[in-house]
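Participant: File coords-v6.tsv below, TSV, C-alpha atoms:
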chain	number	residue	atom	x	y	z
K	1413	MET	CA	18.68	0.20	-15.10
K	1414	GLY	CA	17.72	3.42	-13.35
K	1415	PRO	CA	18.86	4.40	-9.85
K	1416	PHE	CA	19.13	0.86	-8.47
K	1417	ALA	CA	22.04	-1.57	-8.47
K	1418	SER	CA	19.83	-4.28	-9.97
K	1419	PRO	CA	16.33	-4.07	-11.44
K	1420	ARG	CA	14.56	-6.85	-9.47
K	1421	PRO	CA	12.64	-7.42	-7.34
K	1422	LEU	CA	10.78	-4.12	-7.45
K	1423	TRP	CA	7.68	-3.14	-5.49
K	1424	PHE	CA	5.24	-0.39	-6.42
K	1425	ARG	CA	2.80	1.92	-4.65
K	1426	GLY	CA	0.34	4.32	-6.28
K	1427	HIS	CA	-0.52	7.73	-4.80
K	1428	PRO	CA	-3.37	9.82	-6.21
K	1429	VAL	CA	-1.50	13.04	-5.41
K	1430	ALA	CA	2.26	13.37	-5.50
K	1431	ASP	CA	2.82	14.97	-2.09
K	1432	HIS	CA	1.28	12.16	-0.01
K	1433	THR	CA	3.72	10.82	2.56
K	1434	LEU	CA	5.10	7.29	2.78
K	1435	VAL	CA	3.86	6.89	6.35
K	1436	PRO	CA	1.45	4.11	7.44
K	1437	SER	CA	-2.05	5.08	8.53
K	1438	LEU	CA	-1.54	4.48	12.28
K	1439	LEU	CA	1.63	6.58	12.38
K	1440	ARG	CA	-0.05	9.61	10.84
K	1441	TYR	CA	-1.60	10.08	14.28
K	1442	LYS	CA	0.07	10.48	17.67
K	1443	ALA	CA	0.00	6.73	18.14
K	1444	ASN	CA	1.95	4.45	20.46
K	1445	ALA	CA	2.33	0.73	21.10
K	1446	GLN	CA	-0.55	0.69	23.60
K	1447	LEU	CA	-2.99	2.13	21.06
K	1448	GLU	CA	-1.80	-0.38	18.46
K	1449	PHE	CA	-2.39	-3.24	20.91
K	1450	GLU	CA	-5.88	-2.02	21.79
K	1451	LEU	CA	-6.87	-1.69	18.13
K	1452	GLN	CA	-5.71	-5.23	17.40
K	1453	GLN	CA	-7.54	-6.60	20.43
K	1454	ARG	CA	-10.79	-4.87	19.50
K	1455	PHE	CA	-10.49	-5.98	15.88
K	1456	ARG	CA	-9.97	-9.59	16.94
K	1457	GLN	CA	-12.78	-9.42	19.51
K	1458	ARG	CA	-15.35	-7.99	17.12
K	1459	GLY	CA	-14.25	-10.06	14.12
K	1460	PHE	CA	-13.53	-13.37	15.87
K	1461	SER	CA	-16.15	-15.34	13.92
K	1462	TRP	CA	-14.45	-14.72	10.58
K	1463	LEU	CA	-10.85	-14.16	11.64
K	1464	GLY	CA	-10.22	-17.74	12.73
K	1465	GLY	CA	-6.91	-18.54	14.41
K	1466	LEU	CA	-4.78	-15.77	12.96
K	1467	ASP	CA	-1.60	-14.87	14.79
K	1468	GLN	CA	-0.67	-11.27	15.63
K	1469	HIS	CA	1.12	-10.62	12.35
K	1470	GLN	CA	-1.55	-12.22	10.14
K	1471	LEU	CA	-4.12	-10.14	12.01
K	1472	ALA	CA	-2.20	-6.95	11.19
K	1473	SER	CA	-2.19	-7.91	7.50
K	1474	VAL	CA	-5.97	-8.41	7.46
K	1475	MET	CA	-6.52	-5.15	9.34
K	1476	GLN	CA	-4.41	-3.24	6.83
K	1477	HIS	CA	-6.20	-4.63	3.80
K	1478	HIS	CA	-9.59	-3.74	5.27
K	1479	GLY	CA	-8.77	-0.16	6.26
K	1480	ALA	CA	-7.92	-0.38	9.97
K	1481	PRO	CA	-4.92	1.75	11.07
K	1482	THR	CA	-1.66	-0.24	11.30
K	1483	ARG	CA	2.10	0.26	11.02
K	1484	LEU	CA	2.06	-1.49	7.64
K	1485	LEU	CA	2.37	0.34	4.33
K	1486	ASP	CA	0.92	-1.45	1.30
K	1487	TRP	CA	3.06	-2.24	-1.74
K	1488	THR	CA	2.43	-4.47	-4.74
K	1489	GLU	CA	4.63	-6.50	-7.06
K	1490	ASN	CA	2.22	-5.60	-9.88
K	1491	SER	CA	3.12	-2.25	-11.44
K	1492	LEU	CA	-0.26	-1.97	-13.21
K	1493	ALA	CA	-2.07	-2.43	-9.91
K	1494	ALA	CA	-0.06	0.46	-8.46
K	1495	LEU	CA	-0.88	2.59	-11.49
K	1496	PHE	CA	-4.58	1.86	-10.98
K	1497	PHE	CA	-4.39	2.88	-7.32
K	1498	ALA	CA	-2.70	6.13	-8.41
K	1499	THR	CA	-5.57	6.97	-10.78
K	1500	ARG	CA	-8.53	5.19	-9.15
K	1501	ASP	CA	-10.26	7.69	-6.88
K	1502	HIS	CA	-12.98	9.86	-8.39
K	1503	GLN	CA	-12.28	12.89	-6.19
K	1504	TYR	CA	-8.78	13.23	-7.64
K	1505	LEU	CA	-9.55	12.64	-11.33
K	1506	ASP	CA	-9.83	16.28	-12.34
K	1507	GLN	CA	-7.40	17.85	-9.88
K	1508	ASP	CA	-4.38	19.71	-11.23
K	1509	GLU	CA	-1.76	17.95	-9.10
K	1510	ASP	CA	-0.05	14.95	-10.69
K	1511	SER	CA	-0.29	11.41	-9.35
K	1512	LEU	CA	2.73	9.29	-8.48
K	1513	VAL	CA	3.85	5.67	-8.53
K	1514	TRP	CA	6.60	4.95	-6.04
K	1515	VAL	CA	9.15	2.30	-6.96
K	1516	LEU	CA	10.94	0.46	-4.16
K	1517	GLN	CA	13.84	-1.97	-4.34
K	1518	PRO	CA	13.06	-3.82	-1.09
K	1519	SER	CA	16.22	-5.94	-0.96
K	1520	ALA	CA	18.27	-2.72	-0.66
K	1521	LEU	CA	16.49	-1.93	2.61
K	1522	VAL	CA	18.01	-4.94	4.39
K	1523	THR	CA	21.70	-5.51	4.93
K	1524	ASP	CA	21.73	-9.11	3.71
K	1525	GLY	CA	19.29	-8.50	0.83
K	1526	VAL	CA	16.80	-11.10	2.16
K	1527	ILE	CA	13.13	-10.12	2.33
K	1528	ARG	CA	11.52	-11.96	5.23
K	1529	GLN	CA	8.00	-12.87	6.24
K	1530	LEU	CA	6.00	-10.51	8.43
K	1531	GLY	CA	6.95	-11.37	12.01
K	1532	CYS	CA	10.57	-12.23	11.15
K	1533	HIS	CA	11.63	-8.68	10.28
K	1534	ASN	CA	13.99	-6.23	11.94
K	1535	CYS	CA	11.87	-4.35	14.46
K	1536	ASN	CA	14.33	-1.45	14.83
K	1537	THR	CA	14.00	0.05	11.36
K	1538	ILE	CA	11.65	0.13	8.38
K	1539	SER	CA	11.63	-3.37	6.91
K	1540	PRO	CA	10.17	-4.90	3.72
K	1541	VAL	CA	8.14	-8.06	4.34
K	1542	TYR	CA	6.06	-10.64	2.56
K	1543	ALA	CA	2.75	-11.47	4.21
K	1544	ASP	CA	0.78	-14.70	4.36
K	1545	ALA	CA	-2.13	-14.60	1.92
K	1546	VAL	CA	-4.71	-14.61	4.71
K	1547	SER	CA	-7.05	-12.39	2.69
K	1548	PRO	CA	-8.09	-12.75	-0.97
K	1549	ARG	CA	-7.10	-9.12	-1.39
K	1550	VAL	CA	-3.46	-9.87	-0.55
K	1551	THR	CA	-3.38	-12.49	-3.32
K	1552	ALA	CA	-5.27	-10.41	-5.88
K	1553	GLN	CA	-3.14	-7.32	-5.30
K	1554	HIS	CA	0.20	-9.21	-5.19
K	1555	GLY	CA	0.48	-7.55	-1.82
K	1556	CYS	CA	3.56	-6.96	0.31
K	1557	PHE	CA	4.38	-4.45	3.02
K	1558	THR	CA	6.94	-2.25	4.63
K	1559	VAL	CA	6.73	-2.35	8.44
K	1560	HIS	CA	7.48	1.01	10.04
K	1561	THR	CA	8.45	1.87	13.60
K	1562	PHE	CA	7.09	4.51	15.95
K	1563	GLU	CA	10.53	6.16	15.94
K	1564	GLN	CA	11.02	5.95	12.16
K	1565	PRO	CA	7.66	6.35	10.39
K	1566	ASP	CA	8.53	8.01	7.05
K	1567	LEU	CA	10.16	5.97	4.30
K	1568	ARG	CA	10.94	9.10	2.28
K	1569	GLU	CA	13.00	10.48	5.14
K	1570	LEU	CA	14.95	7.23	5.42
K	1571	ALA	CA	15.52	7.25	1.66
K	1572	THR	CA	16.87	10.82	1.82
K	1573	ASN	CA	19.26	9.94	4.64
K	1574	ARG	CA	20.59	6.88	2.81
K	1575	ALA	CA	20.47	8.15	-0.77
K	1576	THR	CA	24.24	8.36	-1.18
K	1577	VAL	CA	24.83	4.97	0.42
K	1578	ARG	CA	22.34	2.57	-1.15
K	1579	PRO	CA	19.45	4.07	-3.16
K	1580	PHE	CA	16.23	2.07	-2.86
K	1581	LEU	CA	13.40	4.49	-3.71
K	1582	ALA	CA	12.36	6.24	-6.93
K	1583	ASP	CA	9.14	7.66	-8.34
K	1584	ILE	CA	7.25	7.89	-11.63
K	1585	ARG	CA	5.04	10.95	-12.09
K	1586	ILE	CA	1.61	10.50	-13.72
K	1587	PRO	CA	0.41	13.73	-15.40
K	1588	ALA	CA	-2.92	14.92	-14.02
K	1589	ALA	CA	-4.32	15.40	-17.52
K	1590	ARG	CA	-3.79	11.69	-18.31
K	1591	ARG	CA	-5.28	10.28	-15.11
K	1592	ARG	CA	-8.82	9.64	-16.37
K	1593	GLN	CA	-7.67	8.04	-19.63
K	1594	ILE	CA	-5.12	5.82	-17.90
K	1595	ARG	CA	-7.70	4.56	-15.42
K	1596	HIS	CA	-10.16	3.74	-18.20
K	1597	GLU	CA	-7.56	1.88	-20.25
K	1598	LEU	CA	-6.39	-0.13	-17.25
K	1599	MET	CA	-9.94	-1.40	-16.72
K	1600	THR	CA	-10.93	-1.97	-20.34
K	1601	ALA	CA	-7.68	-3.00	-22.04
K	1602	PHE	CA	-5.70	-4.62	-19.23
K	1603	GLY	CA	-8.40	-5.97	-16.91
K	1604	VAL	CA	-6.99	-4.13	-13.88
K	1605	GLY	CA	-9.69	-2.60	-11.70
K	1606	ASP	CA	-11.69	-2.92	-8.50
K	1607	ALA	CA	-13.23	-6.22	-9.59
K	1608	THR	CA	-9.82	-7.88	-9.88
K	1609	LEU	CA	-8.05	-6.14	-7.00
K	1610	PHE	CA	-10.95	-6.37	-4.51
K	1611	PRO	CA	-12.50	-9.81	-5.25
K	1612	GLY	CA	-16.20	-10.03	-4.47
K	1613	PRO	CA	-19.41	-8.09	-5.05
K	1614	ASP	CA	-18.14	-4.83	-3.50
K	1615	GLY	CA	-15.21	-4.60	-5.91
K	1616	LEU	CA	-17.38	-5.47	-8.89
K	1617	ALA	CA	-19.96	-2.83	-7.92
K	1618	GLN	CA	-17.27	-0.16	-7.63
K	1619	GLU	CA	-15.77	-1.08	-10.99
K	1620	LEU	CA	-19.15	-0.81	-12.71
K	1621	ARG	CA	-19.62	2.64	-11.19
K	1622	ARG	CA	-16.26	3.74	-12.60
K	1623	LEU	CA	-16.83	2.22	-16.04
K	1624	TYR	CA	-20.25	3.88	-16.46
K	1625	GLY	CA	-19.39	7.25	-14.91
K	1626	LEU	CA	-21.69	6.78	-11.89
K	1627	GLU	CA	-19.37	8.20	-9.22
K	1628	GLY	CA	-19.51	11.01	-6.77
K	1629	LEU	CA	-23.28	11.37	-6.27
K	1630	GLY	CA	-24.01	8.42	-3.99
Write the structure described by the file as structure tokens, please.

Facilitator:
Amino acid sequence: MGPFASPRPLWFRGHPVADHTLVPSLLRYKANAQLEFELQQRFRQRGFSWLGGLDQHQLASVMQHHGAPTRLLDWTENSLAALFFATRDHQYLDQDEDSLVWVLQPSALVTDGVIRQLGCHNCNTISPVYADAVSPRVTAQHGCFTVHTFEQPDLRELATNRATVRPFLADIRIPAARRRQIRHELMTAFGVGDATLFPGPDGLAQELRRLYGLEGLG
């Protein structure tokens, strides 16, 4: 059963190198609530024609899945998807440092064990949330999030502080020497790759690059 009181539900997150933090993109900078507000306003303003009538929380989900800085950290309910993200990037394939798949028991993060929708979470601490499938990427990646606060950005730090009370975080190390083989087998044997996780022509193009070794030179 491992370190958790019960095995399900579990969420997963792949990191190409083991020492990457569990801090959302916006909080890796000296950010504040005003900057977050301005980013959301600009994103909505410039993307109004294809964003539709999304509320604030749905907007944050779309921003996260398209690379804009937010206080959301991506997780997936699909362990193979997390393994692909841990081995996906060309620039890390031949590095010596191992990759990592983080394993989170989200229900252990909340006192009542109930995982809520984005927008109904506890705003005073790191919270696990489900998000509306407002983007095809959320659906394809079995996506879910942890929402972090400006005062408490790092999930690893929270896990260390609470380790003796209610463990909720573990990791699986992926040996660097196996990274390239694992990535290839995920795409060819299990059908897990850019084409499935990023639906559309961009994802398909990236997967073909990876399958035929056409990466890194433009």

Participant: Using only C-alpha atoms, can you tell me which of K:Leu1492, K:Val1526, K:Leu1626, K:Leu1620 comes closest to Ala1601 (chain K)?

Facilitator: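 Closest to Ala1601 (chain K), using only C-alpha atoms: K:Leu1492.
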
Participant: Find the spatial neighbours of Leu1438 (chain K), counting only C-alpha atoms, within a cut-off of 9 Å - ignore same-chain residues fewer than 2 positions away - and output them as a list in words.

Facilitator: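 With the cut-off at 9 Å, the set is Val1435, Pro1436, Arg1440, Tyr1441, Lys1442, Ala1443, Asn1444, Glu1448, Ala1480, Pro1481, Thr1482, Arg1483 and Leu1484 of chain K.
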
Participant: Can I get the selected residues back with C-alpha atoms, as a PDB file, keeping the file's coordinate frame?

Facilitator:
ATOM      1  CA  VAL K1435       3.860   6.890   6.350  1.00  0.00           C
ATOM      2  CA  PRO K1436       1.450   4.110   7.440  1.00  0.00           C
ATOM      3  CA  ARG K1440      -0.050   9.610  10.840  1.00  0.00           C
ATOM      4  CA  TYR K1441      -1.600  10.080  14.280  1.00  0.00           C
ATOM      5  CA  LYS K1442       0.070  10.480  17.670  1.00  0.00           C
ATOM      6  CA  ALA K1443       0.000   6.730  18.140  1.00  0.00           C
ATOM      7  CA  ASN K1444       1.950   4.450  20.460  1.00  0.00           C
ATOM      8  CA  GLU K1448      -1.800  -0.380  18.460  1.00  0.00           C
ATOM      9  CA  ALA K1480      -7.920  -0.380   9.970  1.00  0.00           C
ATOM     10  CA  PRO K1481      -4.920   1.750  11.070  1.00  0.00           C
ATOM     11  CA  THR K1482      -1.660  -0.240  11.300  1.00  0.00           C
ATOM     12  CA  ARG K1483       2.100   0.260  11.020  1.00  0.00           C
ATOM     13  CA  LEU K1484       2.060  -1.490   7.640  1.00  0.00           C
TER      14      LEU K1484
END

Participant: Taking all atoms listed in the file into account, which of K:Gly1628, K:His1477, K:Val1559, K:Pro1565 comes nearest Cys1532 (chain K)?

Facilitator: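 Among the listed residues, K:Val1559 lies closest to Cys1532 (chain K).
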
Participant: One number please: CA of Leu1439 (chain K) to CA of Leu1567 (chain K), in Å, one decimal.

Facilitator: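 Taking CA of Leu1439 (chain K) and CA of Leu1567 (chain K), their separation equals 11.8 Å.
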
Participant: Considering all atoms listed in the file, state which residue in the set K:Arg1568, K:Arg1622, K:Arg1458, K:Arg1590 is at the smallest distance from Trp1514 (chain K).

Facilitator: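 So, comparing all the options, the nearest one is K:Arg1568.
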
Participant: Could you tell me which of K:His1560, K:Val1546, K:Arg1500, K:Ile1538 comes closest to Leu1623 (chain K) if we count only C-alpha atoms?

Facilitator: K:Arg1500

Participant: Where atoms are missing, can you supply N, CA, C and O atoms for region 1583-1609 of chain K and output the lot as a compact mmCIF listing (two decimals), in the frame of the given file?

Facilitator:
# COMPACT_ATOMS: atom_id res chain seq x y z
N ASP K 1583 10.54 7.39 -8.08
CA ASP K 1583 9.14 7.66 -8.34
C ASP K 1583 8.91 7.92 -9.83
O ASP K 1583 9.82 8.32 -10.55
N ILE K 1584 7.69 7.64 -10.26
CA ILE K 1584 7.25 7.89 -11.63
C ILE K 1584 6.03 8.81 -11.56
O ILE K 1584 5.02 8.46 -10.94
N ARG K 1585 6.12 9.97 -12.16
CA ARG K 1585 5.04 10.95 -12.09
C ARG K 1585 4.00 10.67 -13.18
O ARG K 1585 4.35 10.41 -14.34
N ILE K 1586 2.72 10.72 -12.80
CA ILE K 1586 1.61 10.50 -13.72
C ILE K 1586 0.93 11.86 -13.95
O ILE K 1586 0.34 12.42 -13.03
N PRO K 1587 1.00 12.40 -15.16
CA PRO K 1587 0.41 13.73 -15.40
C PRO K 1587 -1.09 13.76 -15.09
O PRO K 1587 -1.83 12.83 -15.46
N ALA K 1588 -1.52 14.80 -14.41
CA ALA K 1588 -2.92 14.92 -14.02
C ALA K 1588 -3.86 14.83 -15.22
O ALA K 1588 -4.94 14.23 -15.13
N ALA K 1589 -3.46 15.38 -16.33
CA ALA K 1589 -4.32 15.40 -17.52
C ALA K 1589 -4.53 14.01 -18.12
O ALA K 1589 -5.47 13.81 -18.89
N ARG K 1590 -3.67 13.04 -17.76
CA ARG K 1590 -3.79 11.69 -18.31
C ARG K 1590 -4.48 10.73 -17.36
O ARG K 1590 -4.72 9.58 -17.71
N ARG K 1591 -4.80 11.18 -16.16
CA ARG K 1591 -5.28 10.28 -15.11
C ARG K 1591 -6.55 9.54 -15.52
O ARG K 1591 -6.65 8.32 -15.39
N ARG K 1592 -7.54 10.26 -16.02
CA ARG K 1592 -8.82 9.64 -16.37
C ARG K 1592 -8.66 8.62 -17.49
O ARG K 1592 -9.22 7.52 -17.44
N GLN K 1593 -7.89 8.95 -18.51
CA GLN K 1593 -7.67 8.04 -19.63
C GLN K 1593 -6.92 6.79 -19.20
O GLN K 1593 -7.27 5.67 -19.60
N ILE K 1594 -5.90 6.96 -18.37
CA ILE K 1594 -5.12 5.82 -17.90
C ILE K 1594 -6.00 4.87 -17.10
O ILE K 1594 -5.96 3.65 -17.28
N ARG K 1595 -6.82 5.41 -16.22
CA ARG K 1595 -7.70 4.56 -15.42
C ARG K 1595 -8.63 3.76 -16.31
O ARG K 1595 -8.84 2.56 -16.11
N HIS K 1596 -9.22 4.41 -17.31
CA HIS K 1596 -10.16 3.74 -18.20
C HIS K 1596 -9.46 2.62 -18.98
O HIS K 1596 -10.01 1.51 -19.11
N GLU K 1597 -8.28 2.89 -19.47
CA GLU K 1597 -7.56 1.88 -20.25
C GLU K 1597 -7.10 0.71 -19.39
O GLU K 1597 -7.07 -0.43 -19.85
N LEU K 1598 -6.75 0.97 -18.14
CA LEU K 1598 -6.39 -0.13 -17.25
C LEU K 1598 -7.56 -1.09 -17.07
O LEU K 1598 -7.37 -2.32 -17.08
N MET K 1599 -8.77 -0.55 -16.92
CA MET K 1599 -9.94 -1.40 -16.72
C MET K 1599 -10.37 -2.12 -17.99
O MET K 1599 -10.72 -3.30 -17.97
N THR K 1600 -10.35 -1.41 -19.11
CA THR K 1600 -10.93 -1.97 -20.34
C THR K 1600 -9.93 -2.76 -21.17
O THR K 1600 -10.29 -3.76 -21.81
N ALA K 1601 -8.67 -2.33 -21.19
CA ALA K 1601 -7.68 -3.00 -22.04
C ALA K 1601 -6.82 -4.00 -21.29
O ALA K 1601 -6.36 -4.99 -21.88
N PHE K 1602 -6.60 -3.77 -19.99
CA PHE K 1602 -5.70 -4.62 -19.23
C PHE K 1602 -6.40 -5.43 -18.14
O PHE K 1602 -5.75 -6.27 -17.49
N GLY K 1603 -7.68 -5.20 -17.92
CA GLY K 1603 -8.40 -5.97 -16.91
C GLY K 1603 -7.94 -5.71 -15.49
O GLY K 1603 -8.01 -6.59 -14.64
N VAL K 1604 -7.46 -4.50 -15.22
CA VAL K 1604 -6.99 -4.13 -13.88
C VAL K 1604 -7.97 -3.10 -13.32
O VAL K 1604 -8.06 -1.98 -13.83
N GLY K 1605 -8.70 -3.50 -12.29
CA GLY K 1605 -9.69 -2.60 -11.70
C GLY K 1605 -10.15 -3.12 -10.37
O GLY K 1605 -9.59 -4.08 -9.82
N ASP K 1606 -11.19 -2.51 -9.81
CA ASP K 1606 -11.69 -2.92 -8.50
C ASP K 1606 -12.13 -4.38 -8.49
O ASP K 1606 -11.94 -5.07 -7.49
N ALA K 1607 -12.72 -4.85 -9.56
CA ALA K 1607 -13.23 -6.22 -9.59
C ALA K 1607 -12.11 -7.25 -9.46
O ALA K 1607 -12.33 -8.33 -8.89
N THR K 1608 -10.93 -6.94 -9.98
CA THR K 1608 -9.82 -7.88 -9.88
C THR K 1608 -8.99 -7.67 -8.62
O THR K 1608 -8.46 -8.63 -8.06
N LEU K 1609 -8.88 -6.43 -8.15
CA LEU K 1609 -8.05 -6.14 -7.00
C LEU K 1609 -8.79 -6.27 -5.67
O LEU K 1609 -8.16 -6.43 -4.62
